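Enquirer: I am sharing input.pdb, which consists of PDB, C-alpha atoms, pLDDT in the B column:
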ATOM      1  CA  MET A1109    -178.001  95.737  80.953  1.00 44.00           C
ATOM      2  CA  SER A1110    -175.601  94.104  83.405  1.00 61.00           C
ATOM      3  CA  ASP A1111    -174.605  90.908  81.522  1.00 86.00           C
ATOM      4  CA  SER A1112    -173.233  91.708  78.058  1.00 90.00           C
ATOM      5  CA  ASN A1113    -175.396  88.905  76.630  1.00 93.00           C
ATOM      6  CA  ASP A1114    -178.607  90.436  77.999  1.00 96.00           C
ATOM      7  CA  ILE A1115    -178.872  92.514  74.816  1.00 97.00           C
ATOM      8  CA  VAL A1116    -179.105  89.297  72.762  1.00 97.00           C
ATOM      9  CA  PHE A1117    -181.820  87.814  74.980  1.00 97.00           C
ATOM     10  CA  THR A1118    -183.735  91.085  74.974  1.00 98.00           C
ATOM     11  CA  ALA A1119    -183.430  91.286  71.181  1.00 98.00           C
ATOM     12  CA  ALA A1120    -184.763  87.714  70.829  1.00 98.00           C
ATOM     13  CA  ALA A1121    -187.831  88.528  72.912  1.00 98.00           C
ATOM     14  CA  PHE A1122    -188.324  91.836  71.078  1.00 98.00           C
ATOM     15  CA  ALA A1123    -188.107  90.186  67.635  1.00 98.00           C
ATOM     16  CA  ALA A1124    -190.417  87.356  68.690  1.00 98.00           C
ATOM     17  CA  ARG A1125    -193.056  89.876  69.755  1.00 98.00           C
ATOM     18  CA  ALA A1126    -192.571  92.092  66.699  1.00 97.00           C
ATOM     19  CA  HIS A1127    -192.826  89.190  64.216  1.00 97.00           C
ATOM     20  CA  ARG A1128    -195.405  87.167  66.204  1.00 97.00           C
ATOM     21  CA  HIS A1129    -198.098  86.957  63.506  1.00 95.00           C
ATOM     22  CA  GLN A1130    -195.782  86.526  60.525  1.00 96.00           C
ATOM     23  CA  LEU A1131    -194.924  83.324  58.652  1.00 95.00           C
ATOM     24  CA  ARG A1132    -192.130  82.430  56.229  1.00 92.00           C
ATOM     25  CA  LYS A1133    -192.985  81.983  52.557  1.00 87.00           C
ATOM     26  CA  ASP A1134    -193.810  78.304  53.181  1.00 87.00           C
ATOM     27  CA  ARG A1135    -196.809  79.615  55.179  1.00 89.00           C
ATOM     28  CA  GLU A1136    -196.014  77.210  58.031  1.00 91.00           C
ATOM     29  CA  THR A1137    -192.796  78.339  59.679  1.00 92.00           C
ATOM     30  CA  PRO A1138    -192.986  81.245  62.137  1.00 96.00           C
ATOM     31  CA  TYR A1139    -191.091  84.145  60.568  1.00 96.00           C
ATOM     32  CA  VAL A1140    -189.037  84.768  63.688  1.00 97.00           C
ATOM     33  CA  SER A1141    -187.132  81.548  63.007  1.00 97.00           C
ATOM     34  CA  HIS A1142    -185.348  83.465  60.206  1.00 97.00           C
ATOM     35  CA  PRO A1143    -183.841  86.246  62.372  1.00 98.00           C
ATOM     36  CA  PHE A1144    -182.932  83.653  65.004  1.00 98.00           C
ATOM     37  CA  ARG A1145    -181.128  81.582  62.354  1.00 98.00           C
ATOM     38  CA  VAL A1146    -179.378  84.700  61.022  1.00 98.00           C
ATOM     39  CA  CYS A1147    -178.035  85.284  64.532  1.00 98.00           C
ATOM     40  CA  LEU A1148    -176.907  81.651  64.725  1.00 98.00           C
ATOM     41  CA  VAL A1149    -175.096  81.984  61.394  1.00 98.00           C
ATOM     42  CA  VAL A1150    -173.311  85.151  62.568  1.00 98.00           C
ATOM     43  CA  ARG A1151    -172.221  83.378  65.758  1.00 98.00           C
ATOM     44  CA  HIS A1152    -171.690  79.719  64.898  1.00 98.00           C
ATOM     45  CA  VAL A1153    -170.910  79.732  61.180  1.00 98.00           C
ATOM     46  CA  PHE A1154    -169.054  83.049  60.853  1.00 98.00           C
ATOM     47  CA  GLY A1155    -167.650  83.110  64.405  1.00 98.00           C
ATOM     48  CA  PHE A1156    -168.548  86.656  65.508  1.00 98.00           C
ATOM     49  CA  ASP A1157    -169.564  86.896  69.148  1.00 97.00           C
ATOM     50  CA  ASP A1158    -170.067  90.618  69.843  1.00 97.00           C
ATOM     51  CA  PRO A1159    -173.490  90.702  71.553  1.00 98.00           C
ATOM     52  CA  ARG A1160    -174.390  93.947  69.744  1.00 98.00           C
ATOM     53  CA  ILE A1161    -173.834  92.320  66.325  1.00 98.00           C
ATOM     54  CA  LEU A1162    -175.862  89.297  67.424  1.00 98.00           C
ATOM     55  CA  ALA A1163    -178.670  91.608  68.554  1.00 98.00           C
ATOM     56  CA  ALA A1164    -178.588  93.447  65.204  1.00 98.00           C
ATOM     57  CA  ALA A1165    -178.774  90.089  63.400  1.00 98.00           C
ATOM     58  CA  ILE A1166    -181.867  89.129  65.370  1.00 98.00           C
ATOM     59  CA  LEU A1167    -183.451  92.550  64.819  1.00 98.00           C
ATOM     60  CA  HIS A1168    -182.422  92.972  61.159  1.00 98.00           C
ATOM     61  CA  ASP A1169    -185.977  92.774  59.753  1.00 97.00           C
ATOM     62  CA  THR A1170    -187.891  94.566  62.519  1.00 98.00           C
ATOM     63  CA  ILE A1171    -187.926  98.041  60.940  1.00 97.00           C
ATOM     64  CA  GLU A1172    -188.663  96.724  57.453  1.00 95.00           C
ATOM     65  CA  ASP A1173    -191.319  94.131  58.331  1.00 95.00           C
ATOM     66  CA  THR A1174    -192.999  95.293  61.552  1.00 96.00           C
ATOM     67  CA  ALA A1175    -194.325  98.426  63.223  1.00 95.00           C
ATOM     68  CA  THR A1176    -190.910  98.971  64.859  1.00 97.00           C
ATOM     69  CA  ASP A1177    -189.047 102.167  64.032  1.00 96.00           C
ATOM     70  CA  CYS A1178    -185.457 103.248  64.544  1.00 96.00           C
ATOM     71  CA  ASP A1179    -186.333 105.237  67.679  1.00 97.00           C
ATOM     72  CA  ASP A1180    -187.733 102.058  69.273  1.00 97.00           C
ATOM     73  CA  LEU A1181    -184.418 100.325  68.660  1.00 98.00           C
ATOM     74  CA  ILE A1182    -182.320 103.260  69.891  1.00 98.00           C
ATOM     75  CA  LYS A1183    -184.281 103.280  73.132  1.00 97.00           C
ATOM     76  CA  ALA A1184    -184.079  99.518  73.666  1.00 97.00           C
ATOM     77  CA  PHE A1185    -180.667  98.637  72.210  1.00 98.00           C
ATOM     78  CA  GLY A1186    -178.596 101.781  71.712  1.00 97.00           C
ATOM     79  CA  ARG A1187    -177.446 103.805  68.718  1.00 97.00           C
ATOM     80  CA  ASP A1188    -175.008 101.294  67.193  1.00 97.00           C
ATOM     81  CA  VAL A1189    -177.498  98.418  67.005  1.00 98.00           C
ATOM     82  CA  ALA A1190    -180.242 100.743  65.731  1.00 98.00           C
ATOM     83  CA  ARG A1191    -177.917 102.210  63.089  1.00 98.00           C
ATOM     84  CA  TRP A1192    -176.887  98.743  61.900  1.00 98.00           C
ATOM     85  CA  VAL A1193    -180.497  97.550  61.704  1.00 98.00           C
ATOM     86  CA  ALA A1194    -181.482 100.728  59.841  1.00 97.00           C
ATOM     87  CA  ALA A1195    -178.702 100.045  57.308  1.00 97.00           C
ATOM     88  CA  LEU A1196    -180.183  96.557  56.799  1.00 97.00           C
ATOM     89  CA  THR A1197    -183.614  98.034  56.093  1.00 97.00           C
ATOM     90  CA  LYS A1198    -185.021  98.626  52.635  1.00 96.00           C
ATOM     91  CA  ASP A1199    -187.097 101.772  52.088  1.00 94.00           C
ATOM     92  CA  MET A1200    -190.440 100.198  51.248  1.00 92.00           C
ATOM     93  CA  ARG A1201    -191.838 103.575  50.161  1.00 94.00           C
ATOM     94  CA  LEU A1202    -189.745 103.438  46.984  1.00 96.00           C
ATOM     95  CA  PRO A1203    -190.649 101.522  43.823  1.00 96.00           C
ATOM     96  CA  GLU A1204    -188.894  98.129  43.782  1.00 94.00           C
ATOM     97  CA  ASN A1205    -186.125  99.024  41.292  1.00 95.00           C
ATOM     98  CA  GLU A1206    -185.243 102.250  43.139  1.00 97.00           C
ATOM     99  CA  ARG A1207    -185.505 100.495  46.506  1.00 97.00           C
ATOM    100  CA  GLU A1208    -183.112  97.722  45.456  1.00 96.00           C
ATOM    101  CA  ALA A1209    -180.607 100.183  43.959  1.00 97.00           C
ATOM    102  CA  ALA A1210    -180.623 102.294  47.138  1.00 97.00           C
ATOM    103  CA  TYR A1211    -180.300  99.180  49.309  1.00 97.00           C
ATOM    104  CA  VAL A1212    -177.369  97.800  47.319  1.00 97.00           C
ATOM    105  CA  LYS A1213    -175.612 101.177  47.583  1.00 96.00           C
ATOM    106  CA  ALA A1214    -176.235 101.310  51.349  1.00 96.00           C
ATOM    107  CA  ILE A1215    -174.908  97.770  51.837  1.00 97.00           C
ATOM    108  CA  ALA A1216    -171.777  98.595  49.818  1.00 96.00           C
ATOM    109  CA  GLU A1217    -171.078 101.594  52.065  1.00 96.00           C
ATOM    110  CA  ALA A1218    -172.098  99.953  55.349  1.00 96.00           C
ATOM    111  CA  ASP A1219    -170.037  99.168  58.430  1.00 96.00           C
ATOM    112  CA  TRP A1220    -168.493  95.696  58.521  1.00 97.00           C
ATOM    113  CA  GLN A1221    -170.996  94.655  61.213  1.00 98.00           C
ATOM    114  CA  VAL A1222    -173.856  95.355  58.798  1.00 98.00           C
ATOM    115  CA  LYS A1223    -172.097  93.374  56.078  1.00 98.00           C
ATOM    116  CA  ALA A1224    -171.640  90.441  58.485  1.00 98.00           C
ATOM    117  CA  CYS A1225    -175.367  90.455  59.270  1.00 98.00           C
ATOM    118  CA  LYS A1226    -176.277  90.756  55.588  1.00 98.00           C
ATOM    119  CA  LEU A1227    -174.011  87.841  54.685  1.00 98.00           C
ATOM    120  CA  ALA A1228    -175.763  85.778  57.365  1.00 98.00           C
ATOM    121  CA  ASP A1229    -179.163  86.888  56.023  1.00 98.00           C
ATOM    122  CA  ILE A1230    -178.154  85.802  52.509  1.00 98.00           C
ATOM    123  CA  TYR A1231    -176.754  82.515  53.843  1.00 98.00           C
ATOM    124  CA  ASP A1232    -180.007  81.728  55.641  1.00 97.00           C
ATOM    125  CA  ASN A1233    -182.257  82.775  52.756  1.00 96.00           C
ATOM    126  CA  LEU A1234    -180.276  80.529  50.418  1.00 96.00           C
ATOM    127  CA  SER A1235    -180.481  77.684  52.932  1.00 94.00           C
ATOM    128  CA  ASP A1236    -184.246  78.126  53.161  1.00 89.00           C
ATOM    129  CA  SER A1237    -184.821  78.556  49.404  1.00 90.00           C
ATOM    130  CA  LYS A1238    -185.808  74.911  48.864  1.00 85.00           C
ATOM    131  CA  HIS A1239    -189.340  75.878  49.974  1.00 83.00           C
ATOM    132  CA  LEU A1240    -189.660  78.404  47.158  1.00 87.00           C
ATOM    133  CA  THR A1241    -190.993  77.960  43.665  1.00 89.00           C
ATOM    134  CA  ALA A1242    -188.450  77.773  40.847  1.00 92.00           C
ATOM    135  CA  GLU A1243    -189.160  81.444  40.092  1.00 94.00           C
ATOM    136  CA  GLY A1244    -188.764  82.349  43.782  1.00 90.00           C
ATOM    137  CA  ARG A1245    -185.418  80.527  43.979  1.00 94.00           C
ATOM    138  CA  LYS A1246    -184.252  82.301  40.832  1.00 95.00           C
ATOM    139  CA  LYS A1247    -185.131  85.689  42.348  1.00 94.00           C
ATOM    140  CA  THR A1248    -183.452  84.800  45.672  1.00 95.00           C
ATOM    141  CA  ILE A1249    -180.260  83.745  43.865  1.00 96.00           C
ATOM    142  CA  ALA A1250    -180.204  86.884  41.695  1.00 96.00           C
ATOM    143  CA  ARG A1251    -180.633  89.135  44.729  1.00 96.00           C
ATOM    144  CA  ALA A1252    -177.983  87.204  46.625  1.00 97.00           C
ATOM    145  CA  ARG A1253    -175.511  87.791  43.781  1.00 97.00           C
ATOM    146  CA  SER A1254    -176.344  91.503  43.723  1.00 97.00           C
ATOM    147  CA  TYR A1255    -175.917  91.845  47.487  1.00 98.00           C
ATOM    148  CA  LEU A1256    -172.674  89.845  47.491  1.00 98.00           C
ATOM    149  CA  ASN A1257    -171.257  92.128  44.803  1.00 96.00           C
ATOM    150  CA  ALA A1258    -172.141  95.129  46.983  1.00 96.00           C
ATOM    151  CA  ILE A1259    -170.613  93.563  50.082  1.00 97.00           C
ATOM    152  CA  ARG A1260    -167.364  92.899  48.169  1.00 94.00           C
ATOM    153  CA  THR A1261    -166.971  96.682  47.915  1.00 87.00           C
ATOM    154  CA  ASN A1262    -164.419  97.490  50.594  1.00 88.00           C
ATOM    155  CA  LEU A1263    -164.697  93.990  52.070  1.00 94.00           C
ATOM    156  CA  PRO A1264    -162.843  93.952  55.384  1.00 93.00           C
ATOM    157  CA  GLU A1265    -160.392  91.100  55.872  1.00 95.00           C
ATOM    158  CA  ALA A1266    -162.410  89.961  58.905  1.00 95.00           C
ATOM    159  CA  LEU A1267    -165.298  89.057  56.567  1.00 98.00           C
ATOM    160  CA  GLY A1268    -163.276  87.033  54.073  1.00 97.00           C
ATOM    161  CA  GLU A1269    -164.280  83.650  55.512  1.00 98.00           C
ATOM    162  CA  ALA A1270    -167.934  84.691  55.917  1.00 98.00           C
ATOM    163  CA  MET A1271    -167.963  85.770  52.262  1.00 98.00           C
ATOM    164  CA  ARG A1272    -166.377  82.484  51.172  1.00 98.00           C
ATOM    165  CA  LEU A1273    -168.920  80.432  53.125  1.00 98.00           C
ATOM    166  CA  THR A1274    -171.842  82.437  51.737  1.00 98.00           C
ATOM    167  CA  GLU A1275    -170.545  82.123  48.169  1.00 98.00           C
ATOM    168  CA  GLU A1276    -170.152  78.377  48.736  1.00 97.00           C
ATOM    169  CA  ARG A1277    -173.776  78.237  49.888  1.00 97.00           C
ATOM    170  CA  LEU A1278    -174.831  80.162  46.772  1.00 97.00           C
ATOM    171  CA  ASP A1279    -172.872  77.777  44.540  1.00 95.00           C
ATOM    172  CA  GLY A1280    -174.819  74.897  46.098  1.00 92.00           C
ATOM    173  CA  CYS A1281    -178.165  76.352  45.076  1.00 89.00           C
TER     174      CYS A1281
END
Just give me the structure as structure tokens.
Expert:
Amino acid sequence: MSDSNDIVFTAAAFAARAHRHQLRKDRETPYVSHPFRVCLVVRHVFGFDDPRILAAAILHDTIEDTATDCDDLIKAFGRDVARWVAALTKDMRLPENEREAAYVKAIAEADWQVKACKLADIYDNLSDSKHLTAEGRKKTIARARSYLNAIRTNLPEALGEAMRLTEERLDGC
């Protein structure tokens, strides 16, 4: 890719194709709006502009929610982006309690780029939670708290403001 931003544009097209038949929980909004918003949060709310992080933000749900696998991402976007997306992926083969425990552990140990994307994911899910039932909002808030606690583990200074903004968003729910 010649322009450093090409990876972001390629990731947007890739995610749009991968998520093309999926809808958000409101059953009206195309799912791909979520990864696009996560990318926008990383860039415009948190202020990170590394095109590889932005690509990972856009692609963060492709392994978990589509037929995409890590090898597809390595081939299209390189090892770093694929590794970050893999770290943002829950192992859906596990029972829910085991899956969540493994995911929380992985997030706690993840690279700062993964934590930045996860904070943006939490921020967007909280922003979009008004469409959920009361029970759905309660579950979203509980998971957000769990993930934020994991992200606080070895929180790099560079993520301090992103953490503050996400916690502020949580407090507003």
Enquirer: On this file, the PyMOL selection byres ((chain A and resi 1223-1225) around 8) gives some set of residues; write that set as a PyMOL selection string.
Expert: chain A and resi 1146-1147+1150+1161+1164-1165+1168+1215+1218-1222+1226-1229+1259+1267+1270
Enquirer: Which residues are near Ala1119 (chain A)? Cut-off 7 Å, only C-alpha atoms, ignore same chain within fewer than 2 positions. Put them as a PDB file with C-alpha atoms, in the coordinates of the input.
Expert:
ATOM      1  CA  ILE A1115    -178.872  92.514  74.816  1.00 97.00           C
ATOM      2  CA  VAL A1116    -179.105  89.297  72.762  1.00 97.00           C
ATOM      3  CA  PHE A1117    -181.820  87.814  74.980  1.00 97.00           C
ATOM      4  CA  ALA A1121    -187.831  88.528  72.912  1.00 98.00           C
ATOM      5  CA  PHE A1122    -188.324  91.836  71.078  1.00 98.00           C
ATOM      6  CA  ALA A1123    -188.107  90.186  67.635  1.00 98.00           C
ATOM      7  CA  ALA A1163    -178.670  91.608  68.554  1.00 98.00           C
ATOM      8  CA  ILE A1166    -181.867  89.129  65.370  1.00 98.00           C
ATOM      9  CA  LEU A1167    -183.451  92.550  64.819  1.00 98.00           C
TER      10      LEU A1167
END
Enquirer: Do you have the CA of Val1212 (chain A)-CA of Arg1260 (chain A) distance handy?
Expert: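 The value is 11.2 Å.
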Enquirer: Could you check how far CA of Ala1252 (chain A) sits from CA of Asp1199 (chain A), in Å to one decimal?
Expert: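 That distance, rounded to one decimal, is 18.0 Å.
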Enquirer: What is the distance, in Å and to one decimal place, between CA of Ala1216 (chain A) and CA of Pro1264 (chain A)?
Expert: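 Between these atoms lies a distance of 11.5 Å.
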Enquirer: What residues have an atom no more than 10 Å from (-184.0, 104.1, 64.3) in the file's own frame, counting all atoms listed in the file, and can you write them as a short mmCIF file (atom, residue, chain, number, x, y, z; two decimals) with C-alpha atoms, in the coordinates of the input?
Expert:
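Once everything was written out, this is point28.cif:
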data_model
loop_
_atom_site.label_atom_id
_atom_site.label_comp_id
_atom_site.auth_asym_id
_atom_site.auth_seq_id
_atom_site.Cartn_x
_atom_site.Cartn_y
_atom_site.Cartn_z
CA ILE A 1171 -187.93 98.04 60.94
CA THR A 1176 -190.91 98.97 64.86
CA ASP A 1177 -189.05 102.17 64.03
CA CYS A 1178 -185.46 103.25 64.54
CA ASP A 1179 -186.33 105.24 67.68
CA ASP A 1180 -187.73 102.06 69.27
CA LEU A 1181 -184.42 100.32 68.66
CA ILE A 1182 -182.32 103.26 69.89
CA LYS A 1183 -184.28 103.28 73.13
CA GLY A 1186 -178.60 101.78 71.71
CA ARG A 1187 -177.45 103.80 68.72
CA ASP A 1188 -175.01 101.29 67.19
CA VAL A 1189 -177.50 98.42 67.00
CA ALA A 1190 -180.24 100.74 65.73
CA ARG A 1191 -177.92 102.21 63.09
CA TRP A 1192 -176.89 98.74 61.90
CA VAL A 1193 -180.50 97.55 61.70
CA ALA A 1194 -181.48 100.73 59.84
CA ALA A 1195 -178.70 100.04 57.31
#
Enquirer: Which protein, DNA or RNA residues have an atom at most 12 Å from (-184.3, 77.3, 54.5), counting all atoms listed in the file? List them as an MDAnalysis selection string.
Expert: chainID A and resid 1132:1134 1137 1139 1141:1143 1145:1146 1229:1240 1245 1248 1277 1281
